[in-house]
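Containing compact mmCIF, C-alpha atoms: start.txt.
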```txt
# COMPACT_ATOMS: atom_id res chain seq x y z
CA MET A 15 51.35 -43.10 -61.91
CA ASN A 16 50.47 -41.79 -58.43
CA PHE A 17 47.01 -42.66 -57.14
CA ASP A 18 47.52 -41.07 -53.72
CA LEU A 19 45.96 -37.82 -52.59
CA SER A 20 47.99 -34.67 -53.12
CA GLU A 21 49.40 -32.80 -50.14
CA ASP A 22 46.63 -30.19 -50.44
CA GLN A 23 43.98 -32.91 -50.46
CA ARG A 24 45.55 -34.61 -47.45
CA GLU A 25 45.56 -31.26 -45.66
CA ILE A 26 41.82 -30.93 -46.28
CA LYS A 27 41.33 -34.32 -44.64
CA ARG A 28 43.60 -33.50 -41.71
CA THR A 29 41.93 -30.15 -41.08
CA ALA A 30 38.46 -31.67 -41.27
CA ARG A 31 39.40 -34.61 -39.02
CA ASP A 32 40.85 -32.31 -36.34
CA LEU A 33 37.96 -29.84 -36.44
CA LEU A 34 35.24 -32.47 -36.37
CA ALA A 35 36.93 -34.42 -33.59
CA ASP A 36 36.62 -31.27 -31.49
CA ARG A 37 33.20 -30.05 -32.66
CA CYS A 38 31.44 -33.35 -33.23
CA PRO A 39 32.53 -35.91 -30.61
CA PRO A 40 30.35 -38.97 -29.94
CA GLU A 41 28.57 -37.12 -27.12
CA ARG A 42 27.39 -34.46 -29.55
CA VAL A 43 26.31 -37.04 -32.13
CA ARG A 44 24.25 -38.72 -29.43
CA ALA A 45 22.74 -35.43 -28.26
CA VAL A 46 21.74 -34.45 -31.79
CA ALA A 47 20.31 -37.90 -32.53
CA GLU A 48 18.31 -38.04 -29.33
CA GLY A 49 17.19 -34.43 -29.74
CA GLY A 50 15.61 -35.15 -33.10
CA GLY A 51 16.83 -32.00 -34.84
CA PRO A 52 19.68 -30.92 -37.09
CA ASP A 53 22.99 -29.68 -35.72
CA GLY A 54 22.41 -26.07 -36.69
CA ALA A 55 25.40 -24.72 -34.80
CA LEU A 56 27.78 -27.09 -36.57
CA ALA A 57 26.22 -26.35 -39.96
CA ALA A 58 26.66 -22.62 -39.38
CA GLU A 59 30.30 -23.04 -38.40
CA LEU A 60 31.06 -25.18 -41.44
CA ALA A 61 29.36 -22.59 -43.65
CA GLU A 62 31.67 -19.91 -42.25
CA LEU A 63 34.60 -22.08 -43.33
CA GLY A 64 33.20 -22.33 -46.86
CA TRP A 65 32.72 -26.08 -46.78
CA PRO A 66 29.30 -26.10 -48.53
CA GLY A 67 30.95 -24.48 -51.55
CA ILE A 68 33.95 -26.76 -51.83
CA ALA A 69 32.99 -28.04 -55.30
CA ILE A 70 30.98 -25.00 -56.46
CA PRO A 71 32.86 -22.99 -59.13
CA ALA A 72 34.65 -19.84 -58.01
CA GLU A 73 32.60 -17.81 -60.49
CA HIS A 74 29.61 -18.60 -58.27
CA ASP A 75 31.47 -17.76 -55.05
CA GLY A 76 32.46 -21.33 -54.26
CA LEU A 77 35.92 -22.66 -53.50
CA GLY A 78 36.18 -24.09 -57.01
CA LEU A 79 37.79 -27.36 -55.98
CA GLY A 80 37.01 -30.76 -57.45
CA ALA A 81 35.08 -33.88 -56.59
CA VAL A 82 38.17 -35.51 -55.07
CA GLU A 83 38.53 -32.67 -52.57
CA ALA A 84 34.80 -32.87 -51.83
CA ALA A 85 35.12 -36.63 -51.32
CA ALA A 86 37.97 -36.11 -48.86
CA LEU A 87 35.76 -33.75 -46.89
CA LEU A 88 32.73 -36.06 -47.01
CA GLU A 89 34.82 -38.98 -45.80
CA GLU A 90 35.64 -37.04 -42.64
CA LEU A 91 32.04 -35.93 -42.18
CA GLY A 92 31.02 -39.58 -42.37
CA TYR A 93 33.75 -40.55 -39.93
CA ALA A 94 32.35 -38.05 -37.42
CA LEU A 95 28.68 -38.78 -38.24
CA ALA A 96 28.30 -35.02 -38.48
CA GLY A 97 24.73 -33.77 -38.57
CA ALA A 98 25.36 -31.04 -41.15
CA PRO A 99 23.62 -31.12 -44.57
CA LEU A 100 26.75 -30.91 -46.72
CA LEU A 101 26.10 -34.07 -48.75
CA ALA A 102 22.56 -32.95 -49.55
CA THR A 103 23.63 -29.44 -50.52
CA ALA A 104 26.51 -30.73 -52.65
CA ALA A 105 24.18 -33.10 -54.52
CA ALA A 106 21.73 -30.31 -55.31
CA ALA A 107 24.55 -27.97 -56.31
CA PHE A 108 25.87 -30.58 -58.75
CA ALA A 109 22.44 -30.73 -60.39
CA ILE A 110 21.98 -26.97 -60.58
CA GLU A 111 25.50 -26.47 -61.92
CA GLY A 112 25.37 -29.29 -64.44
CA ALA A 113 21.75 -29.17 -65.59
CA GLY A 114 20.47 -25.75 -64.57
CA SER A 115 20.10 -22.60 -66.61
CA ASP A 116 22.39 -19.60 -66.23
CA ALA A 117 19.67 -17.86 -64.23
CA GLN A 118 19.22 -20.85 -61.91
CA ARG A 119 22.96 -21.07 -61.33
CA ALA A 120 23.19 -17.35 -60.60
CA GLU A 121 20.27 -17.50 -58.19
CA TRP A 122 21.18 -20.58 -56.19
CA LEU A 123 24.88 -21.47 -56.35
CA PRO A 124 26.23 -18.38 -54.53
CA ARG A 125 23.68 -18.85 -51.76
CA LEU A 126 24.51 -22.53 -51.39
CA ALA A 127 28.23 -21.79 -51.37
CA ALA A 128 27.80 -19.19 -48.63
CA GLY A 129 25.59 -21.44 -46.54
CA SER A 130 22.80 -18.86 -46.53
CA ALA A 131 20.59 -21.46 -48.23
CA THR A 132 20.49 -25.23 -48.17
CA ALA A 133 19.23 -27.66 -50.78
CA THR A 134 18.94 -31.36 -51.38
CA LEU A 135 18.37 -33.87 -54.17
CA GLY A 136 16.04 -36.84 -54.37
CA ILE A 137 15.40 -39.64 -56.86
CA ALA A 138 11.68 -39.63 -57.64
CA HIS A 139 9.29 -42.25 -58.94
CA GLY A 140 5.81 -41.08 -59.81
CA ASP A 141 6.58 -37.53 -58.69
CA VAL A 142 7.53 -38.75 -55.22
CA ALA A 143 11.01 -39.25 -53.78
CA ALA A 144 10.67 -41.81 -51.01
CA LEU A 145 13.94 -41.03 -49.21
CA VAL A 146 15.59 -37.60 -49.27
CA ALA A 147 18.26 -36.39 -46.86
CA ASP A 148 17.87 -33.06 -45.07
CA ALA A 149 14.76 -32.02 -47.02
CA GLU A 150 12.95 -30.63 -44.00
CA GLY A 151 13.93 -26.97 -43.80
CA ALA A 152 15.78 -26.96 -47.13
CA ASP A 153 15.30 -23.86 -49.28
CA ALA A 154 15.34 -25.85 -52.53
CA ILE A 155 14.81 -29.48 -53.49
CA VAL A 156 15.87 -30.97 -56.81
CA LEU A 157 13.82 -33.99 -57.85
CA VAL A 158 15.25 -36.23 -60.57
CA GLN A 159 12.94 -38.56 -62.48
CA ASP A 160 13.35 -40.35 -65.82
CA GLY A 161 16.34 -38.29 -66.94
CA ARG A 162 14.74 -34.95 -66.09
CA ALA A 163 15.02 -32.69 -63.07
CA ARG A 164 13.01 -29.91 -61.57
CA LEU A 165 13.76 -27.50 -58.78
CA LEU A 166 11.16 -26.89 -56.11
CA THR A 167 11.28 -24.23 -53.44
CA ALA A 168 10.37 -25.02 -49.86
CA ALA A 169 6.91 -23.57 -50.42
CA GLU A 170 6.27 -25.80 -53.45
CA ALA A 171 7.52 -29.15 -52.20
CA GLU A 172 5.41 -31.52 -50.14
CA VAL A 173 7.85 -32.63 -47.45
CA SER A 174 6.81 -35.39 -45.05
CA PRO A 175 9.41 -36.17 -42.35
CA LEU A 176 10.30 -39.84 -42.00
CA GLU A 177 11.21 -41.76 -38.88
CA THR A 178 14.06 -43.99 -40.01
CA ILE A 179 16.44 -46.13 -38.00
CA ASP A 180 19.09 -43.40 -38.45
CA PRO A 181 18.42 -40.42 -36.17
CA THR A 182 21.83 -38.85 -36.86
CA ARG A 183 20.39 -37.26 -40.01
CA ARG A 184 16.90 -36.09 -40.96
CA TYR A 185 15.14 -37.82 -43.83
CA ALA A 186 11.87 -37.10 -45.57
CA ARG A 187 9.51 -38.19 -48.29
CA VAL A 188 9.16 -35.43 -50.90
CA GLY A 189 6.31 -35.04 -53.34
CA ALA A 190 5.83 -32.58 -56.16
CA PRO A 191 2.31 -31.34 -56.94
CA PRO A 192 1.41 -31.30 -60.66
CA GLY A 193 3.04 -28.37 -62.38
CA ALA A 194 5.08 -27.38 -59.34
CA GLY A 195 8.72 -26.47 -59.62
CA GLU A 196 11.00 -25.12 -62.28
CA PRO A 197 12.53 -27.54 -64.81
CA LEU A 198 16.29 -27.79 -65.10
CA PRO A 199 16.94 -27.72 -68.85
CA GLY A 200 19.96 -30.04 -68.89
CA ASP A 201 20.57 -33.72 -68.24
CA PRO A 202 20.98 -34.43 -64.49
CA ALA A 203 22.54 -37.89 -64.90
CA ALA A 204 26.12 -36.77 -64.27
CA ALA A 205 25.03 -34.82 -61.20
CA VAL A 206 23.40 -37.91 -59.70
CA ASP A 207 26.57 -39.90 -60.36
CA ARG A 208 28.71 -37.23 -58.71
CA ALA A 209 26.36 -37.23 -55.73
CA ALA A 210 26.64 -41.01 -55.52
CA ALA A 211 30.43 -40.69 -55.47
CA LEU A 212 30.26 -38.32 -52.50
CA ALA A 213 27.75 -40.54 -50.71
CA ALA A 214 30.19 -43.42 -51.18
CA ALA A 215 32.98 -41.28 -49.71
CA GLU A 216 30.82 -40.57 -46.66
CA LEU A 217 30.31 -44.31 -46.22
CA VAL A 218 34.08 -44.79 -46.41
CA GLY A 219 34.32 -42.59 -43.33
CA VAL A 220 31.65 -44.68 -41.61
CA CYS A 221 33.61 -47.86 -42.44
CA GLN A 222 36.84 -46.40 -41.14
CA ARG A 223 35.25 -45.20 -37.90
CA ALA A 224 33.73 -48.64 -37.32
CA LEU A 225 37.15 -50.21 -37.83
CA ASP A 226 39.01 -47.73 -35.62
CA ASP A 227 36.51 -47.98 -32.77
CA THR A 228 36.52 -51.77 -32.97
CA VAL A 229 40.30 -52.10 -33.01
CA ALA A 230 40.51 -49.80 -29.97
CA TYR A 231 37.87 -51.83 -28.13
CA VAL A 232 39.28 -55.30 -28.82
CA GLY A 233 42.73 -54.06 -27.83
CA GLU A 234 41.44 -53.03 -24.39
CA ARG A 235 38.75 -55.63 -23.64
CA ARG A 236 40.28 -58.65 -21.93
CA GLN A 237 39.07 -62.23 -21.59
CA PHE A 238 41.01 -65.20 -20.19
CA GLY A 239 43.82 -62.85 -19.22
CA ARG A 240 44.49 -61.41 -22.69
CA PRO A 241 43.02 -58.78 -25.07
CA ILE A 242 40.22 -60.28 -27.14
CA GLY A 243 41.86 -58.84 -30.24
CA SER A 244 44.57 -61.48 -29.88
CA PHE A 245 42.05 -64.24 -30.56
CA GLN A 246 42.12 -65.40 -34.15
CA ALA A 247 38.38 -65.13 -34.79
CA VAL A 248 38.30 -61.52 -33.61
CA ALA A 249 41.47 -60.64 -35.52
CA HIS A 250 40.02 -62.13 -38.70
CA ARG A 251 36.84 -60.09 -38.28
CA CYS A 252 38.90 -56.91 -37.95
CA SER A 253 40.90 -57.89 -41.03
CA ASP A 254 37.67 -58.25 -42.99
CA MET A 255 36.61 -54.81 -41.78
CA LEU A 256 39.91 -53.35 -43.01
CA LEU A 257 39.38 -54.98 -46.39
CA ALA A 258 35.87 -53.53 -46.55
CA ALA A 259 37.07 -50.02 -45.70
CA GLU A 260 39.91 -50.07 -48.22
CA SER A 261 37.72 -51.53 -50.96
CA ALA A 262 35.15 -48.81 -50.40
CA ARG A 263 37.85 -46.13 -50.34
CA SER A 264 39.35 -47.27 -53.64
CA ALA A 265 35.96 -47.35 -55.36
CA ALA A 266 34.79 -44.01 -53.93
CA TYR A 267 37.91 -42.09 -54.88
CA PHE A 268 37.97 -43.70 -58.31
CA ALA A 269 34.47 -42.33 -58.85
CA ALA A 270 35.46 -38.89 -57.54
CA TRP A 271 38.50 -38.87 -59.82
CA SER A 272 36.31 -39.88 -62.76
CA ALA A 273 33.97 -36.97 -62.03
CA ASP A 274 36.90 -34.60 -62.42
CA ALA A 275 39.03 -36.29 -65.08
CA ASP A 276 37.01 -38.94 -66.96
CA PRO A 277 33.35 -37.92 -67.37
CA ASP A 278 32.73 -40.73 -69.87
CA GLY A 279 33.78 -43.28 -67.26
CA LEU A 280 31.80 -41.71 -64.44
CA PRO A 281 28.56 -43.73 -64.81
CA PHE A 282 30.43 -47.01 -64.36
CA ALA A 283 32.68 -45.64 -61.60
CA ALA A 284 29.76 -44.15 -59.67
CA ALA A 285 27.78 -47.39 -59.85
CA LEU A 286 30.83 -49.32 -58.68
CA ALA A 287 31.40 -46.90 -55.80
CA HIS A 288 27.75 -47.10 -54.76
CA SER A 289 27.72 -50.89 -54.77
CA VAL A 290 31.06 -51.42 -53.04
CA ALA A 291 30.74 -48.65 -50.44
CA ALA A 292 27.17 -49.53 -49.49
CA THR A 293 27.95 -53.22 -49.10
CA SER A 294 31.21 -52.55 -47.26
CA ALA A 295 29.62 -50.09 -44.85
CA ARG A 296 26.78 -52.42 -43.97
CA GLU A 297 29.15 -55.34 -43.40
CA ALA A 298 31.79 -53.37 -41.48
CA THR A 299 29.31 -51.73 -39.12
CA ALA A 300 27.54 -55.03 -38.45
CA SER A 301 30.92 -56.60 -37.68
CA ALA A 302 31.70 -53.72 -35.32
CA ILE A 303 28.58 -54.52 -33.30
CA GLN A 304 29.51 -58.21 -33.19
CA ALA A 305 33.09 -57.50 -32.11
CA HIS A 306 31.86 -55.30 -29.28
CA GLY A 307 30.09 -58.34 -27.85
CA GLY A 308 27.30 -57.95 -25.32
CA VAL A 309 27.67 -54.18 -25.16
CA GLY A 310 27.65 -53.73 -28.93
CA PHE A 311 23.89 -53.79 -29.43
CA THR A 312 23.03 -51.62 -26.43
CA TRP A 313 21.80 -48.05 -26.72
CA GLU A 314 24.72 -46.84 -24.60
CA ALA A 315 27.30 -48.05 -27.13
CA ASP A 316 28.12 -45.71 -30.01
CA VAL A 317 28.66 -48.28 -32.77
CA HIS A 318 24.95 -48.61 -33.48
CA TRP A 319 24.89 -45.03 -34.84
CA LEU A 320 27.38 -46.13 -37.51
CA TYR A 321 25.31 -49.17 -38.43
CA LYS A 322 22.16 -47.09 -38.75
CA ARG A 323 23.82 -44.42 -40.89
CA ALA A 324 25.20 -47.11 -43.21
CA GLN A 325 21.82 -48.79 -43.61
CA VAL A 326 19.94 -45.64 -44.61
CA ALA A 327 22.58 -43.54 -46.38
CA SER A 328 23.39 -46.40 -48.75
CA ARG A 329 19.90 -45.98 -50.28
CA LEU A 330 19.87 -42.23 -50.88
CA PHE A 331 20.66 -42.27 -54.60
CA GLY A 332 19.23 -45.61 -55.62
CA SER A 333 19.48 -49.23 -54.60
CA VAL A 334 22.57 -51.41 -54.63
CA GLY A 335 20.72 -53.75 -56.98
CA ALA A 336 20.21 -50.97 -59.52
CA ALA A 337 23.89 -50.04 -59.26
CA ARG A 338 24.92 -53.62 -59.94
CA GLU A 339 22.63 -53.77 -62.96
CA ARG A 340 24.43 -50.69 -64.34
CA ILE A 341 27.80 -52.34 -63.71
CA ALA A 342 26.70 -55.54 -65.44
CA GLY A 343 25.36 -53.57 -68.39
CA ALA A 344 28.60 -51.62 -68.75
CA VAL A 345 30.71 -54.78 -68.59
CA ALA A 346 28.50 -56.54 -71.14
CA ALA A 347 28.70 -53.55 -73.48
CA ARG A 348 32.48 -53.71 -73.41
CA GLY A 349 32.31 -57.28 -74.63
```
Give the structure from the file, written as structure tokens.
Amino acid sequence: MNFDLSEDQREIKRTARDLLADRCPPERVRAVAEGGGPDGALAAELAELGWPGIAIPAEHDGLGLGAVEAAALLEELGYALAGAPLLATAAAAFAIEGAGSDAQRAEWLPRLAAGSATATLGIAHGDVAALVADAEGADAIVLVQDGRARLLTAAEAEVSPLETIDPTRRYARVGAPPGAGEPLPGDPAAAVDRAAALAAAELVGVCQRALDDTVAYVGERRQFGRPIGSFQAVAHRCSDMLLAAESARSAAYFAAWSADADPDGLPFAAALAHSVAATSAREATASAIQAHGGVGFTWEADVHWLYKRAQVASRLFGSVGAARERIAGAVAARG
């Protein structure tokens, strides 16, 4: 059995890596973060390429590819720390496709696929979602609460921008006034799990970037006449970062594969991906700062952007603790 990506899937990754390396270098990430706004030019260019519709069915004008292809794309977006709302739009599209009515699908999915509209998804408690990505300026917001979902337009949602430690992406608190929004008639649980799988894939990219940047730095930085990467303590830290990145990658792509091929196994796989990728990203990015030494925690270094993205993005679709409770429950149920 072959668990590797297909040639077409690898080509998606290669194309995305090359494009984003050119369009979204560290200087642009810094400029967007310090400017406080979204990267509208990048989002528009990615929309022209059809990226927002990668997992939207062809019957709704999307590319009609699967969650694995979407995960490959999100990994590269995470690697570049791109400021485009593709994760948010994909999460909302999953909910509208999986739980929406025919009319809701017809109204929203073609627009999301074309990039002429954006959307996002938040997990609500008491009609309020405390942390939602790219909600400010979104045309539609799907709020999921207690196994039900409703779709709010920009005019209906109460969006309050948040100042988080991660300025590479915009976050907001979203409330829903009583009676506002349009219910999605289906069960949104699978959509949330698919969104969690893509969020995990994005964190894989963050892990890998932290590792690559650190290996490059410790190979160049010299102390006592030799590269610091030759010292055992530094080498062991990099080895731990590699283990974190590969563990996150295995879990994230297992969840993406489950979304396409094993829907019954998706709840467990998504919880596993969330737990492993979130923990790995936090640990790998913290290690990157440590390995960069005295420069690592300064504003001028770029590794702190990775750390901040990992800290906030790992909480978008629930806590790690909740994911581990789901894992424990699934294992206990299997006996």
Problem set entry | d(atom CA of A:Ala105, atom CA of A:Ala85) in Å |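 Going from atom CA of A:Ala105 over to atom CA of A:Ala85 covers 11.9 Å.
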Could the centre and edge lengths of an axis-aligned box, enclosing all atoms of stretch 98-103 of chain A in the file with 8 Å extra on each side, be given in Å to one decimal as lines of an AutoDock Vina configuration file?
```
center_x = 24.7
center_y = -31.8
center_z = -45.8
size_x = 20.2
size_y = 20.6
size_z = 25.4
```
For this session: Work out how far apart atom CA of A:His306 and atom CA of A:Cys38 are and give it in Å to one decimal.
Result: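 The value is 22.3 Å.
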Please, which residues in stretch 118-227 of chain A fall within 10 Å of stretch 248-258 of chain A when counting all atoms listed in the file, and what is the closest atom pair and distance in Å to one decimal for each, ordered by chain then residue number, as a Markdown table?
```
| residue | atom | partner | partner_atom | distance |
| --- | --- | --- | --- | --- |
| A:Val218 | CA | A:Ala258 | CA | 8.9 |
| A:Cys221 | CA | A:Ala258 | CA | 7.4 |
| A:Gln222 | CA | A:Leu256 | CA | 7.8 |
| A:Ala224 | CA | A:Met255 | CA | 8.1 |
| A:Leu225 | CA | A:Met255 | CA | 6.1 |
| A:Asp226 | CA | A:Leu256 | CA | 9.3 |
```
Let me see the file: selected residues, C-alpha atoms, as a PDB file, keeping the file's coordinate frame.
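Result went into again30.pdb, see below:
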```
ATOM      1  CA  VAL A 218      34.080 -44.790 -46.410  1.00  0.00           C
ATOM      2  CA  CYS A 221      33.610 -47.860 -42.440  1.00  0.00           C
ATOM      3  CA  GLN A 222      36.840 -46.400 -41.140  1.00  0.00           C
ATOM      4  CA  ALA A 224      33.730 -48.640 -37.320  1.00  0.00           C
ATOM      5  CA  LEU A 225      37.150 -50.210 -37.830  1.00  0.00           C
ATOM      6  CA  ASP A 226      39.010 -47.730 -35.620  1.00  0.00           C
TER       7      ASP A 226
END
```
Problem set entry | Polymer residues at most 10 Å from A:Gly114, all atoms listed in the file, same-chain spacing of 2 or more positions, as a ChimeraX atom specification | /A:107-112,116-120,122,163-165,196-202
Problem set entry | Distance query stretch 176-184 of chain A at most 8 Å, all atoms listed in the file, self and fewer than 3 positions along chain excluded, as a list in words |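 Once the nearby chain positions are removed, what remains is Val43, Arg44, Val46, Ala47, Glu48, Gly50, Gly51, Pro52, Leu95, Ala96, Gly97, Ala147, Asp148, Ala149, Glu150, Arg187, Trp319, Lys322, Arg323, Gln325 and Val326 of chain A.
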